[in-house]
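The next block is protein_9.txt, given as compact mmCIF, C-alpha atoms.
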# COMPACT_ATOMS: atom_id res chain seq x y z
CA MET A 1 214.37 113.25 72.86
CA ARG A 2 211.31 113.51 70.60
CA ARG A 3 209.80 110.21 69.56
CA ARG A 4 209.92 109.16 65.93
CA PRO A 5 206.63 107.39 65.13
CA GLY A 6 207.22 107.59 61.38
CA TYR A 7 210.69 106.07 61.60
CA TYR A 8 209.56 103.21 63.84
CA THR A 9 206.48 102.57 61.70
CA VAL A 10 208.74 102.06 58.68
CA ARG A 11 211.27 100.02 60.66
CA LEU A 12 208.62 97.75 62.17
CA SER A 13 206.89 97.35 58.80
CA VAL A 14 210.13 96.40 57.04
CA LEU A 15 211.03 93.89 59.75
CA GLY A 16 207.52 92.46 59.65
CA LEU A 17 207.67 91.98 55.88
CA LEU A 18 211.14 90.43 56.10
CA PHE A 19 209.94 88.12 58.89
CA ILE A 20 206.98 86.94 56.80
CA GLY A 21 209.18 86.70 53.71
CA GLY A 22 211.83 84.65 55.51
CA TRP A 23 209.37 82.05 56.74
CA THR A 24 207.56 82.04 53.39
CA ALA A 25 210.88 81.29 51.69
CA PHE A 26 211.44 78.54 54.25
CA ALA A 27 208.12 76.93 53.31
CA LEU A 28 208.72 77.26 49.56
CA ILE A 29 212.31 75.94 49.58
CA GLY A 30 211.17 72.84 51.45
CA ASP A 31 213.35 69.91 52.42
CA SER A 32 216.65 71.18 51.04
CA TRP A 33 220.12 71.97 52.34
CA TRP A 34 219.63 75.44 50.82
CA GLN A 35 217.64 76.08 54.01
CA MET A 36 220.94 76.76 55.77
CA GLY A 37 220.92 80.08 53.92
CA THR A 38 217.44 80.72 55.30
CA ALA A 39 218.78 79.94 58.77
CA VAL A 40 221.48 82.58 58.37
CA PHE A 41 218.96 85.17 57.16
CA LEU A 42 216.57 84.45 60.04
CA ALA A 43 219.40 84.61 62.59
CA VAL A 44 220.16 88.18 61.52
CA LEU A 45 216.46 89.01 61.42
CA PHE A 46 215.91 87.64 64.95
CA GLY A 47 218.73 89.90 66.12
CA GLN A 48 217.08 92.92 64.52
CA VAL A 49 213.78 92.02 66.17
CA ALA A 50 215.58 91.80 69.52
CA LEU A 51 216.86 95.35 68.93
CA ILE A 52 213.30 96.59 68.41
CA ALA A 53 212.26 94.83 71.64
CA HIS A 54 215.14 96.65 73.34
CA ASP A 55 213.82 100.02 72.13
CA LEU A 56 210.32 99.11 73.27
CA ALA A 57 211.58 98.20 76.75
CA HIS A 58 213.15 101.65 77.01
CA ARG A 59 209.90 103.30 75.83
CA GLN A 60 211.64 104.85 72.88
CA ILE A 61 208.70 104.04 70.60
CA PHE A 62 205.59 104.58 72.76
CA ARG A 63 205.27 107.06 75.58
CA THR A 64 203.27 104.81 77.89
CA ARG A 65 203.98 101.40 79.40
CA ARG A 66 201.02 99.34 78.15
CA PRO A 67 201.56 99.52 74.36
CA SER A 68 205.32 99.10 74.90
CA GLU A 69 204.83 95.93 76.92
CA THR A 70 202.10 94.56 74.66
CA LEU A 71 204.13 94.88 71.46
CA GLY A 72 207.29 93.86 73.31
CA ARG A 73 205.73 90.58 74.38
CA VAL A 74 204.31 89.90 70.93
CA ILE A 75 207.58 90.35 69.06
CA GLY A 76 209.81 89.17 71.92
CA ASN A 77 208.06 86.17 73.44
CA LEU A 78 206.00 85.07 70.44
CA GLY A 79 208.25 86.31 67.66
CA ILE A 80 211.73 85.20 68.71
CA GLY A 81 211.25 83.29 71.98
CA MET A 82 212.81 85.96 74.21
CA GLY A 83 211.00 86.58 77.50
CA TYR A 84 210.23 90.30 77.53
CA GLY A 85 209.67 90.47 81.29
CA TRP A 86 212.86 88.59 82.12
CA TRP A 87 214.97 90.64 79.74
CA GLN A 88 213.52 93.98 80.87
CA ASP A 89 214.28 93.19 84.53
CA LYS A 90 217.83 92.11 83.72
CA HIS A 91 218.52 95.06 81.43
CA THR A 92 217.07 97.59 83.87
CA ARG A 93 219.48 96.40 86.56
CA HIS A 94 222.34 96.68 84.07
CA HIS A 95 221.47 100.28 83.22
CA ALA A 96 221.20 101.26 86.88
CA ASN A 97 224.70 99.95 87.67
CA PRO A 98 226.68 99.22 84.49
CA ASN A 99 229.76 97.04 85.00
CA HIS A 100 229.16 96.91 88.77
CA GLU A 101 230.48 93.53 89.85
CA GLU A 102 227.82 93.02 92.53
CA LEU A 103 224.83 94.71 90.90
CA ASP A 104 225.11 94.32 87.13
CA PRO A 105 223.91 90.86 86.00
CA ASP A 106 225.90 91.23 82.78
CA VAL A 107 229.21 90.99 84.67
CA ALA A 108 228.25 88.27 87.13
CA PRO A 109 231.04 85.64 87.38
CA ASP A 110 228.90 82.67 86.37
CA LEU A 111 230.78 81.24 83.37
CA LEU A 112 233.42 83.93 82.82
CA VAL A 113 235.20 86.45 85.01
CA TRP A 114 235.41 90.18 84.31
CA SER A 115 238.03 91.36 86.82
CA GLU A 116 241.03 89.94 88.65
CA ASP A 117 239.08 90.07 91.93
CA GLN A 118 236.41 87.85 90.37
CA ALA A 119 239.15 85.52 89.13
CA HIS A 120 240.64 85.19 92.63
CA ASN A 121 237.19 84.39 94.06
CA ALA A 122 235.89 82.29 91.16
CA LYS A 123 234.07 79.03 91.84
CA GLY A 124 232.75 76.16 89.78
CA ILE A 125 232.93 76.20 86.02
CA ALA A 126 234.24 79.78 85.94
CA THR A 127 237.55 78.51 87.37
CA VAL A 128 237.93 76.33 84.27
CA LEU A 129 236.50 78.51 81.52
CA GLY A 130 238.01 81.67 82.92
CA ARG A 131 241.57 80.51 82.27
CA TRP A 132 241.20 80.73 78.51
CA GLN A 133 238.01 82.77 78.28
CA ALA A 134 239.33 85.12 75.61
CA PHE A 135 239.68 82.13 73.26
CA LEU A 136 236.38 80.57 74.35
CA PHE A 137 234.30 83.73 74.17
CA TYR A 138 233.14 83.45 70.54
CA PRO A 139 232.49 79.69 70.69
CA LEU A 140 230.41 80.30 73.82
CA LEU A 141 228.40 82.95 72.00
CA THR A 142 226.99 80.19 69.79
CA LEU A 143 225.08 79.05 72.89
CA GLU A 144 223.75 82.52 73.77
CA GLY A 145 220.61 82.16 71.65
CA MET A 146 219.64 78.94 73.43
CA ASN A 147 220.60 80.47 76.79
CA LEU A 148 218.22 83.34 76.08
CA HIS A 149 215.36 80.87 75.58
CA VAL A 150 216.27 78.86 78.69
CA GLN A 151 216.55 81.92 80.93
CA SER A 152 213.23 83.24 79.59
CA VAL A 153 211.52 79.99 80.66
CA LEU A 154 213.27 79.78 84.03
CA ALA A 155 212.23 83.36 84.82
CA LEU A 156 208.58 82.30 84.66
CA PHE A 157 209.09 80.57 88.01
CA LYS A 158 210.67 83.59 89.72
CA PRO A 159 208.53 85.38 92.34
CA TRP A 160 209.16 88.80 90.78
CA MET A 161 207.87 87.81 87.33
CA LYS A 162 204.65 89.60 86.35
CA HIS A 163 202.12 88.25 83.84
CA ARG A 164 203.80 84.85 83.95
CA VAL A 165 200.81 83.06 82.39
CA LEU A 166 200.70 85.41 79.41
CA GLU A 167 204.47 85.37 78.95
CA GLY A 168 204.57 81.59 79.29
CA ALA A 169 201.75 81.07 76.80
CA LEU A 170 203.45 83.29 74.22
CA LEU A 171 206.79 81.54 74.71
CA LEU A 172 205.12 78.14 74.39
CA GLY A 173 203.41 79.33 71.21
CA HIS A 174 206.74 80.38 69.73
CA PHE A 175 208.53 77.13 70.56
CA ALA A 176 205.62 74.99 69.35
CA VAL A 177 205.26 76.75 65.98
CA TYR A 178 209.03 77.05 65.46
CA LEU A 179 209.78 73.38 66.11
CA ALA A 180 206.68 72.18 64.25
CA ALA A 181 207.73 74.18 61.17
CA LEU A 182 211.25 72.76 61.26
CA PHE A 183 210.28 69.11 61.65
CA LEU A 184 207.26 69.21 59.33
CA VAL A 185 209.09 70.86 56.44
CA LEU A 186 212.56 69.37 56.88
CA SER A 187 213.86 65.86 57.42
CA PRO A 188 215.02 65.25 61.01
CA GLY A 189 218.70 65.70 60.12
CA LYS A 190 218.13 68.94 58.24
CA ALA A 191 215.80 70.21 60.96
CA VAL A 192 218.49 69.70 63.62
CA ALA A 193 221.10 71.31 61.36
CA PHE A 194 218.81 74.30 60.75
CA LEU A 195 218.18 74.63 64.49
CA ILE A 196 221.90 74.59 65.29
CA VAL A 197 222.89 77.06 62.55
CA HIS A 198 220.01 79.44 63.26
CA GLN A 199 220.36 79.53 67.04
CA ALA A 200 224.18 79.59 66.99
CA LEU A 201 224.36 82.54 64.60
CA PHE A 202 221.55 84.32 66.47
CA GLY A 203 223.66 84.06 69.63
CA VAL A 204 226.82 85.25 67.89
CA TYR A 205 224.99 88.22 66.41
CA LEU A 206 223.54 89.20 69.79
CA GLY A 207 226.98 88.91 71.35
CA ASN A 208 228.48 91.15 68.68
CA ILE A 209 225.77 93.74 69.35
CA PHE A 210 226.14 93.89 73.12
CA ALA A 211 229.66 92.71 74.04
CA PRO A 212 231.64 95.62 72.52
CA ASN A 213 229.66 98.12 74.60
CA HIS A 214 231.11 97.37 78.04
CA LYS A 215 233.47 94.38 77.98
CA GLY A 216 237.00 95.54 78.72
CA MET A 217 235.85 98.81 80.25
CA PRO A 218 236.41 99.57 83.97
CA THR A 219 234.33 97.61 86.47
CA ILE A 220 232.97 98.96 89.75
CA THR A 221 232.73 97.41 93.22
CA GLY A 222 231.20 98.51 96.50
CA GLU A 223 229.94 102.05 97.00
CA ALA A 224 231.66 103.79 94.12
CA ASP A 225 231.88 107.57 94.51
CA LEU A 226 230.71 108.35 90.98
CA ASP A 227 227.94 110.65 89.81
CA PHE A 228 225.46 109.48 87.21
CA LEU A 229 227.37 110.84 84.22
CA ARG A 230 230.71 109.32 85.20
CA LYS A 231 229.15 105.99 86.17
CA GLN A 232 227.60 105.69 82.71
CA VAL A 233 230.39 107.18 80.57
CA LEU A 234 233.44 105.56 82.19
CA THR A 235 231.99 102.04 81.89
CA SER A 236 230.78 102.36 78.28
CA ARG A 237 232.45 102.30 74.88
CA ASN A 238 231.21 103.70 71.58
CA VAL A 239 231.85 101.78 68.38
CA LYS A 240 232.52 103.70 65.18
CA GLY A 241 231.49 102.32 61.81
CA GLY A 242 229.17 104.67 59.95
CA VAL A 243 225.77 103.72 58.56
CA PHE A 244 226.54 99.99 58.49
CA ALA A 245 227.32 99.94 62.22
CA ASP A 246 224.26 102.07 62.97
CA VAL A 247 221.99 99.54 61.23
CA ALA A 248 223.75 96.33 62.28
CA LEU A 249 224.07 97.39 65.93
CA GLY A 250 220.72 99.18 66.09
CA GLY A 251 222.21 102.44 67.33
CA LEU A 252 223.71 100.74 70.37
CA ASN A 253 227.14 101.51 68.95
CA TYR A 254 226.46 104.91 70.57
CA GLN A 255 226.42 103.18 73.93
CA ILE A 256 227.58 106.17 75.95
CA GLU A 257 224.70 108.32 74.72
CA HIS A 258 222.26 105.44 75.14
CA HIS A 259 223.25 105.01 78.78
CA LEU A 260 222.94 108.72 79.47
CA PHE A 261 219.59 108.99 77.67
CA PRO A 262 218.01 105.49 77.62
CA ASN A 263 214.63 106.86 76.46
CA MET A 264 216.12 108.66 73.47
CA PRO A 265 215.09 107.02 70.16
CA SER A 266 218.07 105.03 68.92
CA VAL A 267 218.03 106.86 65.58
CA HIS A 268 218.85 110.12 67.42
CA LEU A 269 221.85 108.83 69.40
CA ARG A 270 224.30 109.71 66.64
CA ARG A 271 223.12 113.32 66.82
CA ALA A 272 223.69 113.42 70.59
CA ARG A 273 227.21 112.02 70.25
CA PRO A 274 229.10 115.27 69.42
CA ILE A 275 227.27 117.14 72.19
CA VAL A 276 228.13 114.50 74.81
CA ARG A 277 231.69 114.05 73.53
CA ASP A 278 232.42 117.79 73.67
CA TYR A 279 230.89 118.16 77.11
CA CYS A 280 232.94 115.25 78.45
CA ALA A 281 236.07 116.89 77.04
CA GLU A 282 235.08 120.17 78.69
CA ILE A 283 234.73 118.66 82.17
CA GLY A 284 237.63 116.21 81.80
CA VAL A 285 235.72 112.91 81.70
CA PRO A 286 237.33 110.25 79.43
CA TYR A 287 235.06 109.46 76.47
CA HIS A 288 236.09 106.24 74.76
CA GLU A 289 235.17 105.25 71.22
CA THR A 290 236.92 102.98 68.76
CA GLY A 291 236.32 100.91 65.65
CA PHE A 292 234.40 97.63 65.64
CA ILE A 293 237.46 95.37 65.33
CA ARG A 294 239.42 97.36 67.90
CA SER A 295 236.52 97.15 70.36
CA HIS A 296 236.71 93.36 70.23
CA VAL A 297 240.49 93.38 70.55
CA GLU A 298 240.21 95.53 73.66
CA ALA A 299 237.52 93.29 75.16
CA LEU A 300 239.42 90.05 74.48
CA THR A 301 242.72 91.48 75.72
CA HIS A 302 241.03 92.48 78.96
CA MET A 303 239.38 89.07 79.33
CA HIS A 304 242.70 87.29 78.87
CA ARG A 305 244.46 89.58 81.34
CA VAL A 306 241.90 89.17 84.15
CA GLY A 307 241.98 85.38 83.67
CA ALA A 308 245.68 85.31 84.58
CA PRO A 309 245.13 84.43 88.28
CA LEU A 310 243.17 81.35 87.25
CA ARG A 311 245.92 80.22 84.90
CA ALA A 312 248.55 80.84 87.56
CA GLY A 313 246.53 78.95 90.15
CA HIS A 314 246.07 76.01 87.80
CA ARG A 315 249.79 75.82 87.06
CA ALA A 316 250.62 76.02 90.77
CA ALA A 317 248.18 73.20 91.55
CA ALA A 318 249.62 71.08 88.76

Represent the structure contained in this file as structure tokens.
Amino acid sequence: MRRRPGYYTVRLSVLGLLFIGGWTAFALIGDSWWQMGTAVFLAVLFGQVALIAHDLAHRQIFRTRRPSETLGRVIGNLGIGMGYGWWQDKHTRHHANPNHEELDPDVAPDLLVWSEDQAHNAKGIATVLGRWQAFLFYPLLTLEGMNLHVQSVLALFKPWMKHRVLEGALLLGHFAVYLAALFLVLSPGKAVAFLIVHQALFGVYLGNIFAPNHKGMPTITGEADLDFLRKQVLTSRNVKGGVFADVALGGLNYQIEHHLFPNMPSVHLRRARPIVRDYCAEIGVPYHETGFIRSHVEALTHMHRVGAPLRAGHRAAA
């Protein structure tokens, strides 16, 4: 549980240098189709910055709230256009009730459905997308980056939002500088292409970081009679993959440990894994971990299965 100031100093410094280097390369390459490579690089970098913002929101880096929020808003709102206040509120509710169909915003049946009960009660666009959601999931992830920006702006008008002027000014600064850079350096066609490639891959990367953690795991409804440990462990999935997975997924591949100890520095989660796994075995609590590919197979299989009522209803109506 000890904080790792040295580790995070190096990690933040490396990301900062890569961020400056990426945009410097963008300026030097100029009006060229080679900028699509820069778009790919910056999409991955934006995802890594989002992971640092995640650790800040959980106070894994600083002990107190003020420096966590200050740096979180700088790198979140200004750096990548992600509203820190909106995301922290949403993610806090997710951690309190993971995979709870009424309380976890990550399994709300807005576009997709996550259980057969949600499929039976689906309304609007979810009744259409939910039929073939397993096949639409990855294409929809290309919109997740833009959705993140839109939701960050919409949250500014919510009554619960704190520091809305500061958050809004930082978001506006990000969008203004980002779009100005694209359209001043690139021709209009290349600028639009860069925007699409960058934001689409940013969304796909974010989806591949967060989706394997809970999608396809049991969902909860009503007043579930589960203690804290079971509520967190039974709804989470660990993803194996060694050092590459640890870096690419920012330690969130140890999702079970992260949910049990959200303030634990992400670099320590792998060390907590054998302790948690052995304790779960001792008390008879299922502890689920699998490889990266298998985690997606499990999630997509589940999504296709729970969409069956919508497909059956559509065929009956036809």

With 7 Å as the cut-off and all atoms listed in the file counted, what is the closest atom pair between each nearby residue of segment 12-113 of chain A and segment 220-235 of chain A? Distances in Å to one decimal, ordered by chain and number, as CSV.
residue,atom,partner,partner_atom,distance
A:Pro98,CA,A:Thr235,CA,6.6
A:Asn99,CA,A:Ile220,CA,6.0
A:His100,CA,A:Ile220,CA,4.4
A:Glu101,CA,A:Thr221,CA,5.6
A:Glu102,CA,A:Thr221,CA,6.6

> Quick one: of A:Gly79, A:Gly6, A:Gly47, A:Gly16, who's nearest to Val177 of chain A, counting all atoms listed in the file?
Replying inline: A:Gly79

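Distance-wise, atom CA of Leu300 of chain A and atom CA of His58 of chain A end up 28.8 Å apart.
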
> Can you tell me, as a VMD selection string, what residues are no more than 9 Å from Pro262 of chain A when counting all atoms listed in the file, ignoring any on the same chain fewer than 4 positions away?
Replying inline: chain A and resid 55 58 to 60 95 257 to 258 266

> Just how far from atom CA of Phe137 of chain A is atom CA of Leu45 of chain A, in Å to one decimal?
Replying inline: 22.6 Å

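Separating atom CA of Phe175 of chain A from atom CA of Ala248 of chain A is a distance of 25.9 Å.
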
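Of the listed residues (A:His288, A:His198, A:His268, A:His259), A:His198 comes nearest to Met36 of chain A; the distances count only C-alpha atoms.
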
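The smallest atom-to-atom distance between Leu51 of chain A and any of A:Asn253, A:Thr290, A:Thr127, A:Gln118, using all atoms listed in the file, is found for A:Asn253.
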
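Closest approach to Gly21 of chain A among A:Arg2, A:Thr38, A:Ala281, A:Trp132: A:Thr38, based on only C-alpha atoms.
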
> Which residues, written as JSON, numbers by chain, have at least one atom at most 10 Å from Gly81 of chain A, with only C-alpha atoms counted and residues fewer than 2 positions away on the same chain left out?
Replying inline: {"A": [46, 50, 73, 74, 75, 76, 77, 78, 79, 83, 84, 145, 146, 148, 149, 150, 152, 153, 167, 170, 171, 172, 173, 174, 175, 178]}

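Excluding Pro309 of chain A itself and any same-chain residue fewer than 6 positions from it, the protein and nucleic acid residues within 7 Å of it, counting all atoms listed in the file, are A:Glu116, A:Ala119, A:His120.
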
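The shortest atom-to-atom distance to Asn263 of chain A, with all atoms listed in the file taken into account, belongs to A:Ala57 out of A:Ile283, A:Val10, A:Ala211, A:Ala57.
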
>> Please return as a ChimeraX atom specification every residue within 12 Å of (233.0, 115.7, 70.9), taking into account only C-alpha atoms and the file's own coordinates.
In response: /A:257,270-289

Could you save the residues just selected, with C-alpha atoms, as a PDB file, in the coordinates of the input?
ATOM      1  CA  GLU A 257     224.700 108.320  74.720  1.00  0.00           C
ATOM      2  CA  ARG A 270     224.300 109.710  66.640  1.00  0.00           C
ATOM      3  CA  ARG A 271     223.120 113.320  66.820  1.00  0.00           C
ATOM      4  CA  ALA A 272     223.690 113.420  70.590  1.00  0.00           C
ATOM      5  CA  ARG A 273     227.210 112.020  70.250  1.00  0.00           C
ATOM      6  CA  PRO A 274     229.100 115.270  69.420  1.00  0.00           C
ATOM      7  CA  ILE A 275     227.270 117.140  72.190  1.00  0.00           C
ATOM      8  CA  VAL A 276     228.130 114.500  74.810  1.00  0.00           C
ATOM      9  CA  ARG A 277     231.690 114.050  73.530  1.00  0.00           C
ATOM     10  CA  ASP A 278     232.420 117.790  73.670  1.00  0.00           C
ATOM     11  CA  TYR A 279     230.890 118.160  77.110  1.00  0.00           C
ATOM     12  CA  CYS A 280     232.940 115.250  78.450  1.00  0.00           C
ATOM     13  CA  ALA A 281     236.070 116.890  77.040  1.00  0.00           C
ATOM     14  CA  GLU A 282     235.080 120.170  78.690  1.00  0.00           C
ATOM     15  CA  ILE A 283     234.730 118.660  82.170  1.00  0.00           C
ATOM     16  CA  GLY A 284     237.630 116.210  81.800  1.00  0.00           C
ATOM     17  CA  VAL A 285     235.720 112.910  81.700  1.00  0.00           C
ATOM     18  CA  PRO A 286     237.330 110.250  79.430  1.00  0.00           C
ATOM     19  CA  TYR A 287     235.060 109.460  76.470  1.00  0.00           C
ATOM     20  CA  HIS A 288     236.090 106.240  74.760  1.00  0.00           C
ATOM     21  CA  GLU A 289     235.170 105.250  71.220  1.00  0.00           C
TER      22      GLU A 289
END

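Proximity ranking of A:Leu156, A:Leu141, A:Leu182, A:Val107 relative to Pro218 of chain A places A:Val107 first, based on all atoms listed in the file.
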
> Which neighbours of Gly130 of chain A fall inside 10 Å, counting all atoms listed in the file, when residues of the same chain fewer than 2 positions from it are skipped, and could you give them as number ranges by chain?
Replying inline: A: 109-114, 118-119, 122, 125-128, 132-137, 303-304, 306-311

>> Please return as a list in words every residue within 10 Å of (221.3, 90.0, 62.5), taking into account only C-alpha atoms and the file's own coordinates.
In response: Val40, Phe41, Leu42, Ala43, Val44, Leu45, Phe46, Gly47, Gln48, Val49, Ala50, Leu51, Leu201, Phe202, Gly203, Val204, Tyr205, Leu206, Asn208, Ile209, Val247, Ala248, Leu249 and Gly250 of chain A

Write the residues of the preceding selection, restricted to C-alpha atoms, as a compact mmCIF listing (two decimals), in the frame of the given file.
# COMPACT_ATOMS: atom_id res chain seq x y z
CA VAL A 40 221.48 82.58 58.37
CA PHE A 41 218.96 85.17 57.16
CA LEU A 42 216.57 84.45 60.04
CA ALA A 43 219.40 84.61 62.59
CA VAL A 44 220.16 88.18 61.52
CA LEU A 45 216.46 89.01 61.42
CA PHE A 46 215.91 87.64 64.95
CA GLY A 47 218.73 89.90 66.12
CA GLN A 48 217.08 92.92 64.52
CA VAL A 49 213.78 92.02 66.17
CA ALA A 50 215.58 91.80 69.52
CA LEU A 51 216.86 95.35 68.93
CA LEU A 201 224.36 82.54 64.60
CA PHE A 202 221.55 84.32 66.47
CA GLY A 203 223.66 84.06 69.63
CA VAL A 204 226.82 85.25 67.89
CA TYR A 205 224.99 88.22 66.41
CA LEU A 206 223.54 89.20 69.79
CA ASN A 208 228.48 91.15 68.68
CA ILE A 209 225.77 93.74 69.35
CA VAL A 247 221.99 99.54 61.23
CA ALA A 248 223.75 96.33 62.28
CA LEU A 249 224.07 97.39 65.93
CA GLY A 250 220.72 99.18 66.09
